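Have a look at the structure below before the remarks.
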Amino acid sequence: MRHARAMPGLTLLNETPTADCATCPHRETTLREGRCAPGDSCLIAHSGRQIERFLRRNPEYAEACLDDPFWERRAIAVRYAPVAAIRALARDPDEVVRRAVATRLPADELTALMKDEDREVRITVAARLPAASLARMMHDPDYMVRLQVAHRLPHGSLPRMAQDPDREVRKEVARRLPPFALARLAGDEDVEVRAIAAGRMLPDQAAAMLGDADWTVRLAAARQAPPETLSALVDDPESDVRALVLARLNGTADREEA
């Protein structure tokens, strides 16, 4: 992993990293006042846990850490420093720092990170970007970014993602498209996409899915289609489909599901 790296002064194995308080510039302030503790809450230790505890209690020190050479100290400081002070770190060389920035910048300032080289940064951006700007990320090269876009994209733009190359993205589109727009997914190559769409379609559109080659799609369509269109499935080779069709024809399906 990118950040599973040893740092100078970091104690390995199960030992707790402990900084030398004799050389700490804060020994006459936070240490003397009991606002830090060696091995537990410490700004100069190479320990994210200790740095986090220190800055949570003493956030006024965060801004001074934004240009620290230790990536984790910068990343944690971003959480506590004033927003005005962290904007420049949107270009930080470390992706963890940029991810932290992406969680704190105002949503309307995130466009500069839409093309970030790190996918986690872009996923964070897609989760927070104003909905009106999301369409600019629907062709991102990473499917996880596009999946986040599909989860939040306004319905009016969502049909443009119905042909996404990744099935997980298309499944999310099938979950979110209004029922009247789901017919565009009736011929999708993926069974799960078709099944989700068939289970949410308007009744007449679902009836057109009753002849699908996959039984899970037929089962989903049979729940939606008008009862008068189901007779062809009375002898379906799949028992679950036959049972549902018979229940609907006998008027018992709704009572059983309730």
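Each chain in the structure tokens gets a letter, A, B, ..., in the order shown, and its residues are numbered from 1; ligands are numbered from 1 in order too.
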Stretch 116-127 of chain A: which residues within 12 Å, counting only C-alpha atoms, same-chain residues fewer than 5 positions away excluded, as a short mmCIF file (atom, residue, chain, number, x, y, z; two decimals) with N, CA, C and O atoms, in the first residue's frame?
```
data_model
loop_
_atom_site.label_atom_id
_atom_site.label_comp_id
_atom_site.auth_asym_id
_atom_site.auth_seq_id
_atom_site.Cartn_x
_atom_site.Cartn_y
_atom_site.Cartn_z
N ARG A 2 0.31 2.33 -0.55
CA ARG A 2 1.05 3.57 -0.74
C ARG A 2 1.64 4.10 0.55
O ARG A 2 2.78 4.56 0.59
N ALA A 90 -4.63 21.48 -1.92
CA ALA A 90 -5.30 20.74 -2.98
C ALA A 90 -4.29 20.28 -4.03
O ALA A 90 -4.59 19.39 -4.84
N ARG A 91 -3.09 20.86 -4.00
CA ARG A 91 -2.02 20.45 -4.92
C ARG A 91 -0.89 19.73 -4.18
O ARG A 91 0.21 19.60 -4.69
N ASP A 92 -1.17 19.27 -2.96
CA ASP A 92 -0.15 18.58 -2.17
C ASP A 92 0.33 17.32 -2.92
O ASP A 92 -0.47 16.66 -3.58
N PRO A 93 1.61 16.97 -2.83
CA PRO A 93 2.09 15.78 -3.53
C PRO A 93 1.56 14.47 -2.98
O PRO A 93 1.64 13.44 -3.66
N ASP A 94 1.01 14.49 -1.77
CA ASP A 94 0.52 13.26 -1.16
C ASP A 94 -1.00 13.15 -1.32
O ASP A 94 -1.74 14.07 -0.97
N GLU A 95 -1.46 11.99 -1.81
CA GLU A 95 -2.88 11.81 -2.07
C GLU A 95 -3.73 11.80 -0.81
O GLU A 95 -4.89 12.21 -0.84
N VAL A 96 -3.18 11.33 0.31
CA VAL A 96 -3.96 11.31 1.55
C VAL A 96 -4.25 12.73 2.02
O VAL A 96 -5.34 13.02 2.52
N VAL A 97 -3.30 13.60 1.83
CA VAL A 97 -3.51 15.01 2.18
C VAL A 97 -4.60 15.60 1.29
O VAL A 97 -5.50 16.29 1.77
N ARG A 98 -4.53 15.31 0.01
CA ARG A 98 -5.53 15.86 -0.92
C ARG A 98 -6.92 15.30 -0.62
O ARG A 98 -7.91 16.00 -0.75
N ARG A 99 -6.98 14.04 -0.19
CA ARG A 99 -8.29 13.48 0.19
C ARG A 99 -8.86 14.24 1.38
O ARG A 99 -10.07 14.53 1.43
N ALA A 100 -8.00 14.55 2.33
CA ALA A 100 -8.46 15.31 3.50
C ALA A 100 -8.97 16.68 3.08
O ALA A 100 -9.98 17.17 3.58
N VAL A 101 -8.26 17.31 2.16
CA VAL A 101 -8.68 18.61 1.64
C VAL A 101 -10.05 18.49 0.98
O VAL A 101 -10.94 19.33 1.16
N ALA A 102 -10.24 17.42 0.20
CA ALA A 102 -11.51 17.23 -0.52
C ALA A 102 -12.69 17.06 0.43
O ALA A 102 -13.83 17.35 0.05
N THR A 103 -12.44 16.61 1.65
CA THR A 103 -13.54 16.46 2.60
C THR A 103 -13.91 17.78 3.27
O THR A 103 -14.98 17.88 3.87
N ARG A 104 -13.03 18.79 3.16
CA ARG A 104 -13.26 20.01 3.93
C ARG A 104 -13.55 21.24 3.07
O ARG A 104 -14.19 22.18 3.55
N LEU A 105 -13.06 21.27 1.85
CA LEU A 105 -13.32 22.45 1.03
C LEU A 105 -14.83 22.61 0.81
O LEU A 105 -15.56 21.63 0.73
N PRO A 106 -15.30 23.83 0.70
CA PRO A 106 -16.71 24.03 0.33
C PRO A 106 -17.01 23.30 -0.98
O PRO A 106 -16.15 23.23 -1.87
N ALA A 107 -18.20 22.73 -1.10
CA ALA A 107 -18.53 21.91 -2.25
C ALA A 107 -18.33 22.63 -3.57
O ALA A 107 -17.91 22.03 -4.57
N ASP A 108 -18.59 23.94 -3.58
CA ASP A 108 -18.45 24.67 -4.84
C ASP A 108 -17.00 24.99 -5.19
O ASP A 108 -16.73 25.63 -6.21
N GLU A 109 -16.06 24.56 -4.37
CA GLU A 109 -14.64 24.77 -4.66
C GLU A 109 -13.93 23.47 -5.04
O GLU A 109 -12.70 23.44 -5.14
N LEU A 110 -14.68 22.42 -5.26
CA LEU A 110 -14.06 21.11 -5.49
C LEU A 110 -13.71 20.83 -6.95
O LEU A 110 -13.09 19.80 -7.24
N THR A 111 -14.08 21.69 -7.85
CA THR A 111 -13.84 21.40 -9.26
C THR A 111 -12.36 21.23 -9.58
O THR A 111 -12.01 20.48 -10.50
N ALA A 132 -25.45 19.85 -9.75
CA ALA A 132 -25.46 20.46 -11.08
C ALA A 132 -24.13 20.29 -11.80
O ALA A 132 -24.07 20.40 -13.03
N SER A 133 -23.06 19.99 -11.07
CA SER A 133 -21.74 19.84 -11.68
C SER A 133 -21.34 18.38 -11.89
O SER A 133 -20.30 18.10 -12.48
N LEU A 134 -22.15 17.44 -11.41
CA LEU A 134 -21.77 16.04 -11.44
C LEU A 134 -21.62 15.46 -12.84
O LEU A 134 -20.83 14.55 -13.06
N ALA A 135 -22.38 15.97 -13.79
CA ALA A 135 -22.33 15.42 -15.15
C ALA A 135 -20.92 15.49 -15.72
O ALA A 135 -20.56 14.67 -16.58
N ARG A 136 -20.11 16.39 -15.24
CA ARG A 136 -18.74 16.52 -15.74
C ARG A 136 -17.87 15.35 -15.32
O ARG A 136 -16.76 15.18 -15.85
N MET A 137 -18.37 14.50 -14.39
CA MET A 137 -17.58 13.36 -13.92
C MET A 137 -18.16 12.02 -14.38
O MET A 137 -17.65 10.97 -14.00
N MET A 138 -19.20 12.02 -15.19
CA MET A 138 -19.85 10.76 -15.54
C MET A 138 -19.01 9.88 -16.47
O MET A 138 -19.31 8.71 -16.65
N HIS A 139 -17.93 10.43 -17.03
CA HIS A 139 -17.05 9.64 -17.89
C HIS A 139 -15.69 9.42 -17.24
O HIS A 139 -14.71 9.13 -17.92
N ASP A 140 -15.63 9.54 -15.93
CA ASP A 140 -14.38 9.29 -15.22
C ASP A 140 -13.86 7.89 -15.57
O ASP A 140 -14.64 6.95 -15.72
N PRO A 141 -12.55 7.71 -15.68
CA PRO A 141 -12.01 6.39 -16.05
C PRO A 141 -12.22 5.30 -14.99
O PRO A 141 -12.12 4.12 -15.31
N ASP A 142 -12.51 5.67 -13.75
CA ASP A 142 -12.67 4.68 -12.69
C ASP A 142 -14.15 4.43 -12.41
O ASP A 142 -14.92 5.36 -12.17
N TYR A 143 -14.55 3.16 -12.40
CA TYR A 143 -15.97 2.85 -12.24
C TYR A 143 -16.50 3.26 -10.87
O TYR A 143 -17.69 3.59 -10.72
N MET A 144 -15.65 3.25 -9.83
CA MET A 144 -16.12 3.63 -8.50
C MET A 144 -16.49 5.11 -8.44
O MET A 144 -17.41 5.50 -7.72
N VAL A 145 -15.78 5.91 -9.18
CA VAL A 145 -16.12 7.33 -9.27
C VAL A 145 -17.46 7.48 -9.99
O VAL A 145 -18.36 8.19 -9.53
N ARG A 146 -17.60 6.77 -11.13
CA ARG A 146 -18.85 6.85 -11.89
C ARG A 146 -20.02 6.30 -11.08
O ARG A 146 -21.15 6.79 -11.20
N LEU A 147 -19.77 5.29 -10.25
CA LEU A 147 -20.83 4.75 -9.40
C LEU A 147 -21.33 5.80 -8.42
O LEU A 147 -22.54 5.94 -8.19
N GLN A 148 -20.42 6.58 -7.86
CA GLN A 148 -20.81 7.66 -6.96
C GLN A 148 -21.59 8.74 -7.72
O GLN A 148 -22.57 9.29 -7.21
N VAL A 149 -21.16 9.00 -8.95
CA VAL A 149 -21.88 9.97 -9.78
C VAL A 149 -23.30 9.47 -10.05
O VAL A 149 -24.28 10.21 -9.91
N ALA A 150 -23.42 8.18 -10.42
CA ALA A 150 -24.74 7.62 -10.71
C ALA A 150 -25.64 7.64 -9.49
O ALA A 150 -26.87 7.75 -9.60
N HIS A 151 -25.06 7.56 -8.32
CA HIS A 151 -25.84 7.57 -7.07
C HIS A 151 -26.43 8.94 -6.78
O HIS A 151 -27.47 9.04 -6.13
N ARG A 152 -25.80 10.00 -7.31
CA ARG A 152 -26.24 11.36 -6.95
C ARG A 152 -26.72 12.18 -8.14
O ARG A 152 -27.30 13.24 -7.94
N LEU A 153 -26.47 11.72 -9.33
CA LEU A 153 -26.80 12.51 -10.52
C LEU A 153 -28.30 12.80 -10.59
O LEU A 153 -29.12 11.92 -10.33
#
```
Could you pull the residues within 12 Å of A:Pro159, counting only C-alpha atoms, minus those fewer than 2 positions along the same chain, as a PDB file with C-alpha atoms, in the first residue's frame?
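around.pdb written:
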```pdb
ATOM      1  CA  ALA A 135     -22.327  15.424 -15.148  1.00  0.00           C
ATOM      2  CA  MET A 138     -19.849  10.763 -15.539  1.00  0.00           C
ATOM      3  CA  ALA A 150     -24.741   7.616 -10.714  1.00  0.00           C
ATOM      4  CA  LEU A 153     -26.798  12.514 -10.517  1.00  0.00           C
ATOM      5  CA  PRO A 154     -30.120  14.328 -11.068  1.00  0.00           C
ATOM      6  CA  HIS A 155     -32.722  12.138 -12.766  1.00  0.00           C
ATOM      7  CA  GLY A 156     -32.751  14.314 -15.857  1.00  0.00           C
ATOM      8  CA  SER A 157     -29.105  13.448 -16.613  1.00  0.00           C
ATOM      9  CA  MET A 161     -25.275   6.703 -17.889  1.00  0.00           C
ATOM     10  CA  ALA A 162     -27.498   3.817 -19.002  1.00  0.00           C
ATOM     11  CA  GLN A 163     -24.773   2.705 -21.417  1.00  0.00           C
ATOM     12  CA  ASP A 164     -21.936   2.843 -18.900  1.00  0.00           C
ATOM     13  CA  VAL A 169     -22.882   1.581 -12.516  1.00  0.00           C
ATOM     14  CA  ARG A 170     -25.756   0.435 -14.721  1.00  0.00           C
ATOM     15  CA  GLU A 172     -27.326   1.878  -9.837  1.00  0.00           C
ATOM     16  CA  VAL A 173     -28.892   3.584 -12.844  1.00  0.00           C
ATOM     17  CA  ALA A 174     -31.562   0.847 -12.897  1.00  0.00           C
ATOM     18  CA  ARG A 175     -32.288   1.470  -9.199  1.00  0.00           C
ATOM     19  CA  ARG A 176     -32.677   5.217  -9.657  1.00  0.00           C
ATOM     20  CA  LEU A 177     -34.255   5.840 -13.049  1.00  0.00           C
ATOM     21  CA  PRO A 178     -37.965   6.671 -12.885  1.00  0.00           C
ATOM     22  CA  PRO A 179     -40.086   3.633 -13.844  1.00  0.00           C
ATOM     23  CA  PHE A 180     -41.185   5.175 -17.142  1.00  0.00           C
ATOM     24  CA  ALA A 181     -37.538   5.453 -18.264  1.00  0.00           C
ATOM     25  CA  LEU A 182     -36.440   1.893 -17.481  1.00  0.00           C
ATOM     26  CA  ALA A 183     -37.340   0.393 -20.859  1.00  0.00           C
ATOM     27  CA  ARG A 184     -33.959   1.595 -22.129  1.00  0.00           C
ATOM     28  CA  LEU A 185     -32.369  -1.100 -19.924  1.00  0.00           C
TER      29      LEU A 185
END
```
| request: Considering only C-alpha atoms, return as a list of chain:residue names whatever protein or nucleic-acid residues lie within 12 Å of stretch 239-250 of chain A, sequence-local ones (same chain, fewer than 4 positions apart) excluded. | output: A:Leu210, A:Gly211, A:Asp214, A:Trp215, A:Thr216, A:Val217, A:Arg218, A:Leu219, A:Ala220, A:Ala221, A:Ala222, A:Arg223, A:Gln224, A:Ala225, A:Pro226, A:Pro227, A:Glu228, A:Thr229, A:Leu230, A:Ser231, A:Ala232, A:Leu233, A:Val234, A:Asp235, A:Asp254, A:Arg255, A:Glu256, A:Glu257
| Separation of atom CA of A:Arg160 from atom CA of A:Ala206 in Å |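 Distance reported for this atom pair: 21.5 Å.
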